[in-house]
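Participant: Provided herewith is a single structure, encoded as structure tokens, for subsequent inquiry.
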Protein chains: 2
Amino acid sequence: MSDSRPIGIFDAGIGGLTLVKEIHRLMPGENLIFLGDTLRAPYGGRSDDAILAFSLIGAKQLAEMNIKMLIIACHTISSVALEQIAVAVKDIPVIGVVLPGVRAAVLRTAEKKIGVIGTSATIRTHAYSKAIASIDNDIKVYGQACPLFVPIVEEKLYDCDVARISAQLYLYDLIDIGVDCIILGCSHYSLLMETIQGTVGTRIQLLDSALWTAKEAQDLLTALGTLNPQKNGGFSKSRFLFTDLHPDLEMQASIFLDNKMPVVDKVYLGVL
Amino acid sequence: MSDSRPIGIFDAGIGGLTLVKEIHRLMPGENLIFLGDTLRAPYGGRSDDAILAFSLIGAKQLAEMNIKMLIIACHTISSVALEQIAVAVKDIPVIGVVLPGVRAAVLRTAEKKIGVIGTSATIRTHAYSKAIASIDNDIKVYGQACPLFVPIVEEKLYDCDVARISAQLYLYDLIDIGVDCIILGCSHYSLLMETIQGTVGTRIQLLDSALWTAKEAQDLLTALGTLNPQKNGGFSKSRFLFTDLHPDLEMQASIFLDNKMPVVDKVYLGVL
């Protein structure tokens, strides 16, 4: 059994393209419809009400595009609105980016101390703490918001001193506490893996949610018998839709896609 | 002649509160209606179409609140949409934050080399270059986008190494070029004055647009005979409206208001 329909990916902006890259690496035949709400990005600093309202509109729009699965590529949305989205899109299987990284970290922490880094909204919701507690109540979770990391990535400054100084600012407390795993709870952070690893040292294991979410998507498609029968060519058939096309968008998007420049289209996203 | 009606101030978010502070310092009797579109902030990285559409909605909403003057406190909006806003609000005098800083810098540059720092959108529009050229065509203008400065201010990191390192990253080129004035072309940057001055040295004069815009508003109100007859009490009568109230908003707003915490209200801003 197989299914050649696309996978829908909804994101608040462009960071979720790190997940697109991982999906194409693992499942090169899958074609995707990526929808990024660049008109209202970033969601990270907004109220829960705003995040819920914005993301329901986007998810419903994607659900109407004959997709076989919906992945919420944004940690802020996955933390705040995943359940409501799953209800809204009815029969389409929905996965977010919080649980895959959590499951990987829970299996790996020997000290039972996990650090989570993300946007202010992601950390504020305690979505990670709750998800980890639901698996193993003995694990302690330490959240740290890192609001400079997103603009550092979007400005391609990940190899500059400013990235290293920011990493020290945000991460030294987690090191002092003695965590042995840190979940990268924001899709942009994949591009800061080397800087973060350099700051925290090799004793601490980093869990990249993009990688683990791609694996979870593959497992679920396999279980449902809906993997794409094609063995390659998925990227060229994929569509990249955004709600605002600013002049730097394609350049910024290519940062997340190993410098591949996607063809982007504008889409009008509901009324709000 | 006098006029006790409020001055309307429109901003993409909260940075324009630096202007509120300067107005209350210069004209303590004036009461204000500040409207910040926090639901869609920041405008800095969006397309011109989006910036124009968003800001026309906000400006029209303020124009209906019986204001005697409209100030556009955001440099991005002032660079992209000021003329269209002036047309849309008809008889209400409108001023932006670009020209006041420009006039001050043109009077001060001996080398005829002015630096301008701001968001990507502000720098991209060349609004400053055009405004300066319209006064003195011999002056050379050097723009530098500083996209990390806004999150650094909003996270209260202006006294940290990350602020100094970012300032070096962005400003060393302007020093090498030999500018003798730098216009702070983003309302957030007022809070980085000390860090920026420390980086560029005392030979370079910094022009804070908030200060010069407040002076221009005072001059215009005086010329029109519409200054408020009250000598104080303006701040307590002012209203602070925002389109999204996230949990950190009041704290963040107070950063721009000498730690005074404003009473904030939510306002629904049109359909888009």
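In the structure tokens, chains take letters A, B, ... by order of appearance, with residues numbered from 1 within each chain and ligands from 1 in the order shown.
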At a cut-off of 10 Å, can you tabulate as CSV every residue of chain B near chain A together with its closest atom pair and the distance in Å to one decimal, using only C-alpha atoms and ordering rows by chain then number?
Facilitator:
```
residue,atom,partner,partner_atom,distance
B:Thr38,CA,A:Arg46,CA,7.8
B:Leu39,CA,A:Arg46,CA,6.9
B:Arg40,CA,A:Arg40,CA,5.4
B:Ala41,CA,A:Arg40,CA,7.6
B:Pro42,CA,A:Pro42,CA,8.3
B:Tyr43,CA,A:Leu39,CA,9.1
B:Gly45,CA,A:His246,CA,7.0
B:Arg46,CA,A:His246,CA,5.3
B:Ser47,CA,A:His246,CA,4.2
B:Asp48,CA,A:His246,CA,7.7
B:Asp49,CA,A:Asp244,CA,8.8
B:Ala50,CA,A:Asp244,CA,7.2
B:Ile51,CA,A:Leu39,CA,9.6
B:Ser120,CA,A:Asp248,CA,9.4
B:Ala121,CA,A:His246,CA,9.2
B:Arg124,CA,A:Pro247,CA,9.4
B:Cys146,CA,A:Glu155,CA,9.6
B:Pro147,CA,A:Pro151,CA,7.0
B:Leu148,CA,A:Pro151,CA,6.2
B:Phe149,CA,A:Leu148,CA,9.6
B:Val150,CA,A:Leu148,CA,9.5
B:Pro151,CA,A:Leu148,CA,6.2
B:Ile152,CA,A:Leu148,CA,7.1
B:Glu154,CA,A:Pro147,CA,9.4
B:Glu155,CA,A:Pro147,CA,7.7
B:Cys160,CA,A:Leu169,CA,9.0
B:Asp161,CA,A:Ile165,CA,7.2
B:Val162,CA,A:Val162,CA,5.9
B:Ala163,CA,A:Val162,CA,8.5
B:Arg164,CA,A:Val162,CA,9.2
B:Ile165,CA,A:Val162,CA,6.0
B:Ser166,CA,A:Val162,CA,6.2
B:Ala167,CA,A:Val162,CA,9.9
B:Gln168,CA,A:Val162,CA,9.9
B:Leu169,CA,A:Val162,CA,8.4
B:Thr243,CA,A:Ala50,CA,9.7
B:Asp244,CA,A:Ser47,CA,6.7
B:Leu245,CA,A:Ser47,CA,6.2
B:His246,CA,A:Ser47,CA,4.2
B:Pro247,CA,A:Ser47,CA,6.9
B:Asp248,CA,A:Gly45,CA,8.4
B:Leu249,CA,A:Gly45,CA,9.2
B:Tyr268,CA,A:Leu272,CA,9.8
B:Leu269,CA,A:Leu272,CA,9.1
B:Gly270,CA,A:Leu272,CA,7.9
B:Val271,CA,A:Leu272,CA,5.3
B:Leu272,CA,A:Leu272,CA,5.2
```
Participant: As an MDAnalysis selection string, please: every residue in stretch 45-187 of chain A that a backbone DSSP assignment puts in strand (DSSP E or B).
Facilitator: chainID A and resid 69:72 94:95 113:118 140:145 181:184
Participant: Report the residues of stretch 60-249 of chain A whose backbone DSSP state falls under helix (DSSP H, G or I), written as a PyMOL selection string.
Facilitator: chain A and resi 60-63+75-88+98-108+120-125+127-135+149-154+161-177+187-200+209-224+234-237+249
Participant: Pick out the residues sitting within 9 Å of B:Ile92, and hand them over as a list in words; count only C-alpha atoms, and ignore anything fewer than 5 positions along from it in its own chain.
Facilitator: Ala63, Ile67, Lys68, Met69, Leu70 and Ala86 of chain B
Participant: Write out, as a Markdown table, each residue of stretch 60-169 of chain A that has an atom at most 12 Å from stretch 197-209 of chain A, together with the closest pair of atoms and their distance in Å to one decimal, counting only C-alpha atoms, rows going by chain and rising number.
Facilitator:
```
| residue | atom | partner | partner_atom | distance |
| --- | --- | --- | --- | --- |
| A:Ile72 | CA | A:Ser209 | CA | 11.8 |
| A:Ala73 | CA | A:Ser209 | CA | 9.4 |
| A:Cys74 | CA | A:Ser209 | CA | 10.2 |
| A:His75 | CA | A:Ser209 | CA | 9.1 |
| A:Ser78 | CA | A:Ser209 | CA | 11.7 |
| A:Gly96 | CA | A:Ser209 | CA | 9.7 |
| A:Val97 | CA | A:Ser209 | CA | 6.1 |
| A:Val98 | CA | A:Ser209 | CA | 7.2 |
| A:Leu99 | CA | A:Ser209 | CA | 8.7 |
| A:Pro100 | CA | A:Ser209 | CA | 6.6 |
| A:Gly101 | CA | A:Ser209 | CA | 4.8 |
| A:Val102 | CA | A:Ser209 | CA | 8.4 |
| A:Arg103 | CA | A:Leu207 | CA | 10.0 |
| A:Ala104 | CA | A:Leu207 | CA | 7.2 |
| A:Ala105 | CA | A:Leu207 | CA | 6.7 |
| A:Val106 | CA | A:Leu207 | CA | 10.5 |
| A:Leu107 | CA | A:Leu207 | CA | 11.2 |
| A:Arg108 | CA | A:Gln205 | CA | 8.3 |
| A:Thr109 | CA | A:Gln205 | CA | 8.7 |
| A:Ala110 | CA | A:Ile204 | CA | 10.8 |
| A:Glu111 | CA | A:Ile204 | CA | 10.7 |
| A:Lys113 | CA | A:Ile204 | CA | 10.6 |
| A:Ile114 | CA | A:Ile204 | CA | 9.7 |
| A:Gly115 | CA | A:Leu206 | CA | 9.4 |
| A:Val116 | CA | A:Leu207 | CA | 9.5 |
| A:Ile117 | CA | A:Leu206 | CA | 10.5 |
| A:Gly118 | CA | A:Ser209 | CA | 11.1 |
| A:Tyr128 | CA | A:Ser209 | CA | 12.0 |
| A:Asp159 | CA | A:Gly198 | CA | 11.2 |
| A:Asp161 | CA | A:Thr199 | CA | 11.9 |
| A:Ala163 | CA | A:Thr199 | CA | 10.2 |
| A:Arg164 | CA | A:Thr199 | CA | 7.2 |
| A:Ile165 | CA | A:Thr199 | CA | 9.2 |
| A:Ser166 | CA | A:Thr199 | CA | 9.9 |
| A:Ala167 | CA | A:Thr199 | CA | 6.6 |
| A:Gln168 | CA | A:Thr199 | CA | 6.4 |
| A:Leu169 | CA | A:Thr199 | CA | 10.0 |
```
Participant: Quick one, how far is atom CA of A:Cys186 from atom CA of A:Ser79?
Facilitator: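 Those two atoms sit 10.8 Å apart.
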Participant: Hey, can you check how far atom CA of B:Phe256 sits from atom CA of B:Ile14?
Facilitator: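 Separation of atom CA of B:Phe256 and atom CA of B:Ile14: 8.0 Å.
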Participant: Kindly indicate which residue among B:Ile33, B:Leu224, B:Ile71, B:Ala88 lies nearest to B:Leu56, using only C-alpha atoms for the distances.
Facilitator: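 Result for the nearest residue to B:Leu56: B:Ala88.
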